[in-house]
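Undergrad: I'd like to ask you about the structure that follows.
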There are 2 protein chains.
Amino acid sequence: MKTTAVIMAGGRGERFWPKSRNSRPKQFLSLTKDGETMIQKTVKRLLPLVEAEDIFIVTNSAYIGLVHDQLPDIPKENILAEPCARNTAPCIAFAAAVIGRKYDDAVMLVLPSDHLIGYEDLYAKTLKKAIDVSLEGKNLVTIGITPDYPETGYGYIKFGNETAEGNSDAYKVDRFVEKPDLPTAKEYLASGKYLWNSGMFVWKISSIMANLKEFMPAIYEGALRIGEAFGTENYTEVLSKEFYAFTSESIDFGIMEKADDIYTLPGSFGWDDVGNWLAVERINEVDADKNYIEGNVISIGSERATICGGKRLIAAVGVEDLIIVDTDDAVLICSKNNTQDVKKVIAQLNEQGRTSLV
Amino acid sequence: MKTTAVIMAGGRGERFWPKSRNSRPKQFLSLTKDGETMIQKTVKRLLPLVEAEDIFIVTNSAYIGLVHDQLPDIPKENILAEPCARNTAPCIAFAAAVIGRKYDDAVMLVLPSDHLIGYEDLYAKTLKKAIDVSLEGKNLVTIGITPDYPETGYGYIKFGNETAEGNSDAYKVDRFVEKPDLPTAKEYLASGKYLWNSGMFVWKISSIMANLKEFMPAIYEGALRIGEAFGTENYTEVLSKEFYAFTSESIDFGIMEKADDIYTLPGSFGWDDVGNWLAVERINEVDADKNYIEGNVISIGSERATICGGKRLIAAVGVEDLIIVDTDDAVLICSKNNTQDVKKVIAQLNEQGRTSLV
């Protein structure tokens, strides 16, 4: 059976302002010194598993041009434009319906476009195992990340003792749980029975469609109509009509928390969700003073600073635990303890009507 | 007798980089919200005491245009161009010789161009008293600043109990002392007998010339030759020849530490030497979080920050005790504890040959 991949690339990534903008969200940025963007890395690491012509990108219609430019090897017809954002369930249903028109049945990897993977061989191995498990019955497989600290910013997957037939690395999922508070996260970590929910899924088209039909029939029906129109002159009209009518729902809530036959494969492959500017020093090498510095920067006695220079000179003198990001029209200077407040800057800019900066 | 003023405006002001540059030193910058430059303020506060036509500006020849632009009311012939920097003694001798050609004798106020005064009425009163004292004999008068903390960055003036004839506020100077270490500075402060050396002097042309003749005869002779050539076609040539031949010496070391009849007037008029970026929050109003913020800035939760925005947006999120200064081609982000290291940035830029940034 063919293996296909669906990369979800509709996100906004406010937390990487001022580099990320409405016109260029995080997945289209490079946050590493090699200059590759997040989505380019996502595709590249899939190529040992999936042929380029079987990789599909679902994104907002505003970003079609960016996807074309950054991923010239992906066929144009594989770039699926969402007319509006409706969370992951409609996105996945849409892609499954389109792929279902191309192949009778196929394995479908569902992957975020804006995460990084440190150990790509281990990643590929884990996905291969997930593919094997997905071939059995109507199994839905999710990749769980083995946690190494009690993170409160992610949802968790609780797994049981039962393993999948033929693959003792895949565990039957007990339940999905929301982001915990810190004491709960510590209990999860100590129990050894919880994984981070990474938002990576593997299943057959037939399996996910069967589950959509059962648990989200309106989205299932709408997605089928989009799939039928795909390639016809009515496509744009049908797509728009159906998509705006979809309710905004996540696949986790809509399917994964309800379906049977859900398995998880614990992954330990250096996953990083690159959630905010603090990630940059994790995913790049730092100097002896624990600074990550790139671009047009002079640093005198700075420590634990992340500095991304632009065209103008950034002179950082004696700064500590700061994030400094220069762009043509805005500079961010942010304490490492306050990265969550970057979105308040965007809120103020929106209030002030300074939309070109957002 | 006429009262004249000489404003020394040849300084470089590296510590206000990136706003100050070789092409625009500190005295030609505004560091206050009113937009007036330091030298404009210096002239303005003199006008109750000295007519504009009797105010002389000594500056580097490179800054003649800036002085013209910023001080259109000062006659062009009063702007005296030093061909090279030779510290304060040649600068003062040069100005004294030129003024000596214009007036038979006159009182000469000698003032830095880049300090701020909080209480201009008290300042004028102090200078008036100094003028009175200077009229007696060959008195040389220096304005001392009553210290309010044990500063180690200034020289001090030790005064005795003897006061000037006819003015009991002016004390005979005991000696001038170099910048002290902290324990010494604390002793000075506790003794009540030491003042900060502000670099402001008052004397008659005849008094300073007599002292120059006695203690710095080469500079005296050279200055006289410049004065003789002033207004003739040989002036530029003579000025250049004599000035390059001068040794670089301060008036403090060359005259004040050696001459007799030196008096000091203790001044308490809100003097600030505006020595580095830390001054900006002192000389401007701060907000409830002790921030001073001007220009294109969004601040979220910042405290005790000095932020001077430029054309682009500066977004400061949760920063504390930082100085942030934006200009078209460079941004400084400096810890308040490290303002002395700004000159290291300039040193690196010079090493890298990036002179347009210096």
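Letters A, B, ... go to the chains of the structure tokens in the order shown; residues in each chain start at 1; ligands are counted from 1 in the same order.
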Using only C-alpha atoms and a cut-off of 6 Å, which residues of chain B sit close to chain A? Please list them as a list in words.
TA: Arg312, Leu313, Ile314, Ala315, Ala316, Val317, Gly318, Val319, Asp329, Ala330, Val331, Leu332, Ile333, Cys334, Ser335 and Asn338 of chain B
Undergrad: Extract, using only C-alpha atoms, all DNA, RNA and protein residues at most 10 Å from A:Ile92, discarding same-chain residues fewer than 3 positions from it, and format them as a compact mmCIF listing (two decimals) with all heavy atoms, in the first residue's frame.
TA:
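To be explicit, this is the file written out as result.txt:
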```txt
# COMPACT_ATOMS: atom_id res chain seq x y z
N VAL A 6 0.59 14.00 4.86
CA VAL A 6 -0.12 15.27 4.86
C VAL A 6 0.57 16.19 5.88
O VAL A 6 0.65 15.85 7.06
CB VAL A 6 -1.60 15.08 5.24
CG1 VAL A 6 -2.29 16.44 5.42
CG2 VAL A 6 -2.30 14.24 4.19
N ILE A 7 1.07 17.28 5.38
CA ILE A 7 1.75 18.24 6.26
C ILE A 7 0.80 19.40 6.51
O ILE A 7 0.35 20.06 5.56
CB ILE A 7 3.07 18.72 5.63
CG1 ILE A 7 4.02 17.51 5.49
CG2 ILE A 7 3.70 19.82 6.45
CD1 ILE A 7 5.26 17.80 4.69
N MET A 8 0.50 19.63 7.78
CA MET A 8 -0.43 20.70 8.14
C MET A 8 0.35 22.00 8.34
O MET A 8 1.18 22.10 9.25
CB MET A 8 -1.18 20.33 9.41
CG MET A 8 -2.08 19.11 9.22
SD MET A 8 -3.00 18.67 10.71
CE MET A 8 -1.66 18.07 11.75
N VAL A 58 -1.35 20.96 3.39
CA VAL A 58 -2.60 21.70 3.59
C VAL A 58 -2.24 23.02 4.26
O VAL A 58 -1.60 23.02 5.32
CB VAL A 58 -3.61 20.94 4.46
CG1 VAL A 58 -4.97 21.63 4.40
CG2 VAL A 58 -3.72 19.49 4.03
N ASN A 87 -9.28 24.37 12.33
CA ASN A 87 -8.62 23.40 13.21
C ASN A 87 -8.30 22.10 12.44
O ASN A 87 -8.45 22.04 11.22
CB ASN A 87 -9.47 23.15 14.47
CG ASN A 87 -8.60 22.77 15.68
OD1 ASN A 87 -7.51 22.21 15.52
ND2 ASN A 87 -9.06 23.08 16.87
N THR A 88 -7.85 21.07 13.16
CA THR A 88 -7.24 19.92 12.47
C THR A 88 -8.23 18.92 11.88
O THR A 88 -7.91 18.25 10.88
CB THR A 88 -6.27 19.17 13.41
OG1 THR A 88 -6.91 18.93 14.67
CG2 THR A 88 -5.02 19.99 13.65
N ALA A 89 -9.41 18.78 12.46
CA ALA A 89 -10.32 17.74 11.95
C ALA A 89 -10.75 18.02 10.50
O ALA A 89 -10.59 17.15 9.63
CB ALA A 89 -11.53 17.57 12.87
N ALA A 95 -7.89 16.54 3.40
CA ALA A 95 -6.75 15.86 2.77
C ALA A 95 -7.06 14.39 2.51
O ALA A 95 -6.74 13.84 1.45
CB ALA A 95 -5.51 16.01 3.65
N ALA A 96 -7.72 13.73 3.48
CA ALA A 96 -8.03 12.30 3.32
C ALA A 96 -8.96 12.09 2.13
O ALA A 96 -8.79 11.13 1.35
CB ALA A 96 -8.66 11.77 4.60
N ALA A 97 -9.91 13.00 1.96
CA ALA A 97 -10.85 12.86 0.84
C ALA A 97 -10.14 13.03 -0.50
O ALA A 97 -10.39 12.30 -1.46
CB ALA A 97 -11.98 13.89 0.99
N VAL A 98 -9.22 14.00 -0.56
CA VAL A 98 -8.49 14.24 -1.82
C VAL A 98 -7.57 13.05 -2.13
O VAL A 98 -7.53 12.56 -3.26
CB VAL A 98 -7.68 15.55 -1.74
CG1 VAL A 98 -6.72 15.66 -2.92
CG2 VAL A 98 -8.63 16.76 -1.71
N MET A 108 -1.59 7.16 5.48
CA MET A 108 -1.53 8.63 5.53
C MET A 108 -0.82 9.04 6.82
O MET A 108 -1.29 8.76 7.91
CB MET A 108 -2.99 9.14 5.52
CG MET A 108 -3.19 10.62 5.72
SD MET A 108 -5.01 10.91 5.75
CE MET A 108 -5.07 12.68 5.98
N VAL A 110 0.19 12.07 9.12
CA VAL A 110 -0.26 13.45 9.34
C VAL A 110 0.76 14.14 10.25
O VAL A 110 1.01 13.67 11.37
CB VAL A 110 -1.66 13.49 9.98
CG1 VAL A 110 -2.08 14.94 10.25
CG2 VAL A 110 -2.66 12.79 9.08
N ILE A 208 -9.35 6.37 8.83
CA ILE A 208 -9.74 7.69 9.34
C ILE A 208 -11.11 8.07 8.79
O ILE A 208 -11.94 8.66 9.48
CB ILE A 208 -8.66 8.76 9.06
CG1 ILE A 208 -8.96 10.05 9.83
CG2 ILE A 208 -8.53 9.08 7.57
CD1 ILE A 208 -8.88 9.92 11.33
N MET A 209 -11.37 7.68 7.52
CA MET A 209 -12.67 8.03 6.95
C MET A 209 -13.79 7.28 7.68
O MET A 209 -14.85 7.85 7.95
CB MET A 209 -12.70 7.71 5.44
CG MET A 209 -11.86 8.67 4.60
SD MET A 209 -12.29 10.44 4.81
CE MET A 209 -13.38 10.71 3.42
N LEU A 212 -14.26 9.17 10.87
CA LEU A 212 -14.92 10.46 10.63
C LEU A 212 -16.42 10.23 10.40
O LEU A 212 -17.27 10.95 10.94
CB LEU A 212 -14.31 11.17 9.41
CG LEU A 212 -12.94 11.84 9.66
CD1 LEU A 212 -12.25 12.16 8.33
CD2 LEU A 212 -13.10 13.13 10.49
N ILE A 219 -18.59 16.64 8.92
CA ILE A 219 -17.29 16.90 8.32
C ILE A 219 -16.96 15.82 7.29
O ILE A 219 -16.44 16.10 6.20
CB ILE A 219 -16.20 17.01 9.42
CG1 ILE A 219 -16.42 18.33 10.21
CG2 ILE A 219 -14.80 16.96 8.84
CD1 ILE A 219 -15.52 18.52 11.40
N ALA A 223 -16.29 16.71 3.47
CA ALA A 223 -14.99 16.36 2.89
C ALA A 223 -15.18 15.49 1.65
O ALA A 223 -14.49 15.67 0.64
CB ALA A 223 -14.13 15.64 3.93
N SER A 250 -10.78 19.91 16.71
CA SER A 250 -9.50 19.22 16.60
C SER A 250 -9.73 17.73 16.38
O SER A 250 -10.75 17.18 16.79
CB SER A 250 -8.67 19.43 17.86
OG SER A 250 -9.20 18.66 18.92
N ILE A 251 -8.79 17.09 15.72
CA ILE A 251 -8.89 15.65 15.50
C ILE A 251 -8.75 14.90 16.83
O ILE A 251 -9.37 13.85 17.02
CB ILE A 251 -7.83 15.18 14.46
CG1 ILE A 251 -8.20 13.82 13.86
CG2 ILE A 251 -6.43 15.11 15.07
CD1 ILE A 251 -9.28 13.87 12.81
```
Undergrad: Here is a test: counting only C-alpha atoms, which residue of B:Ala124, B:Ser23, B:Lys33, B:Thr163 is nearest to B:Glu285?
TA: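 Ranked by minimum distance to B:Glu285, first place goes to B:Lys33.
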Undergrad: Please provide the set of residues having any atom within 12 Å of A:Glu53, restricted to only C-alpha atoms, with same-chain residues fewer than 2 positions apart removed, written as a list in words.
TA: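 Answer for this query is Lys2, Thr3, Thr4, Ala5, Val6, Val43, Leu46, Leu47, Leu49, Val50, Glu51, Ile55, Phe56, Ile57, Leu71, Pro72, Asp73, Ile74, Pro75, Lys76, Glu77, Asn78, Ile79, Ile99 and Lys102 of chain A.
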Undergrad: How many Å separate atom CA of A:Glu151 from atom CA of A:Tyr188?
TA: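 Going from atom CA of A:Glu151 over to atom CA of A:Tyr188, I get 9.9 Å.
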Undergrad: What's the 9 Å shell around B:Gly155, counting only C-alpha atoms, without same-chain residues fewer than 4 positions away, as a PyMOL selection string?
TA: chain B and resi 176-180+195-198
Undergrad: Hey, which of A:Arg175, A:Lys158, A:Arg101, A:Arg45 ends up closest to A:Lys125? Count only C-alpha atoms.
TA: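 Among the listed residues, the smallest separation from A:Lys125 belongs to A:Arg45.
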Undergrad: Can you tell me, as a list in words, what residues are no more than 8 Å from B:Thr264 when counting only C-alpha atoms, ignoring any on the same chain fewer than 6 positions away?
TA: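 Contacts, with the query itself left out: Val141, Thr142, Ile143, Gly144, Phe159, Ala170, Tyr171, Lys172 and Val173 of chain B.
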Undergrad: Which residues in stretch 24-230 of chain B does DSSP call helix (DSSP H, G or I)? List them as a PyMOL selection string.
TA: chain B and resi 26-28+38-46+52-54+61-70+76-78+88-102+120-134+182-191+205-215+217-229
Undergrad: Compile the contact shell of stretch 245-247 of chain B as a list of chain:residue names: residues with an atom at most 7 Å away, counting only C-alpha atoms, same-chain residues fewer than 3 positions apart removed.
TA: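 Here the answer would be B:Arg86, B:Pro90, B:Ile219, B:Lys241, B:Glu242.
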Undergrad: What's the separation between atom CA of A:Lys19 and atom CA of A:Tyr63, in Å to one decimal place?
TA: 15.8 Å
Undergrad: Please list as a ChimeraX atom specification every residue within 9 Å of A:Lys204, counting only C-alpha atoms and excluding residues in the same chain fewer than 6 positions away.
TA: /A:3,105-109,131,134-135,138-140
Undergrad: My list of candidates is B:Lys186, B:Thr146, B:Gly222, B:Asp273. Which is closest to B:Tyr244 when distances are computed with only C-alpha atoms?
TA: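 Smallest separation from B:Tyr244 among the options: B:Gly222.
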Undergrad: Using DSSP on the backbone, list every residue of stretch 29-227 of chain B that comes out as strand (DSSP E or B), and give them as a ChimeraX atom specification.
TA: /B:55-60,79-82,107-112,116-117,140-145,156-164,167-177,194-204
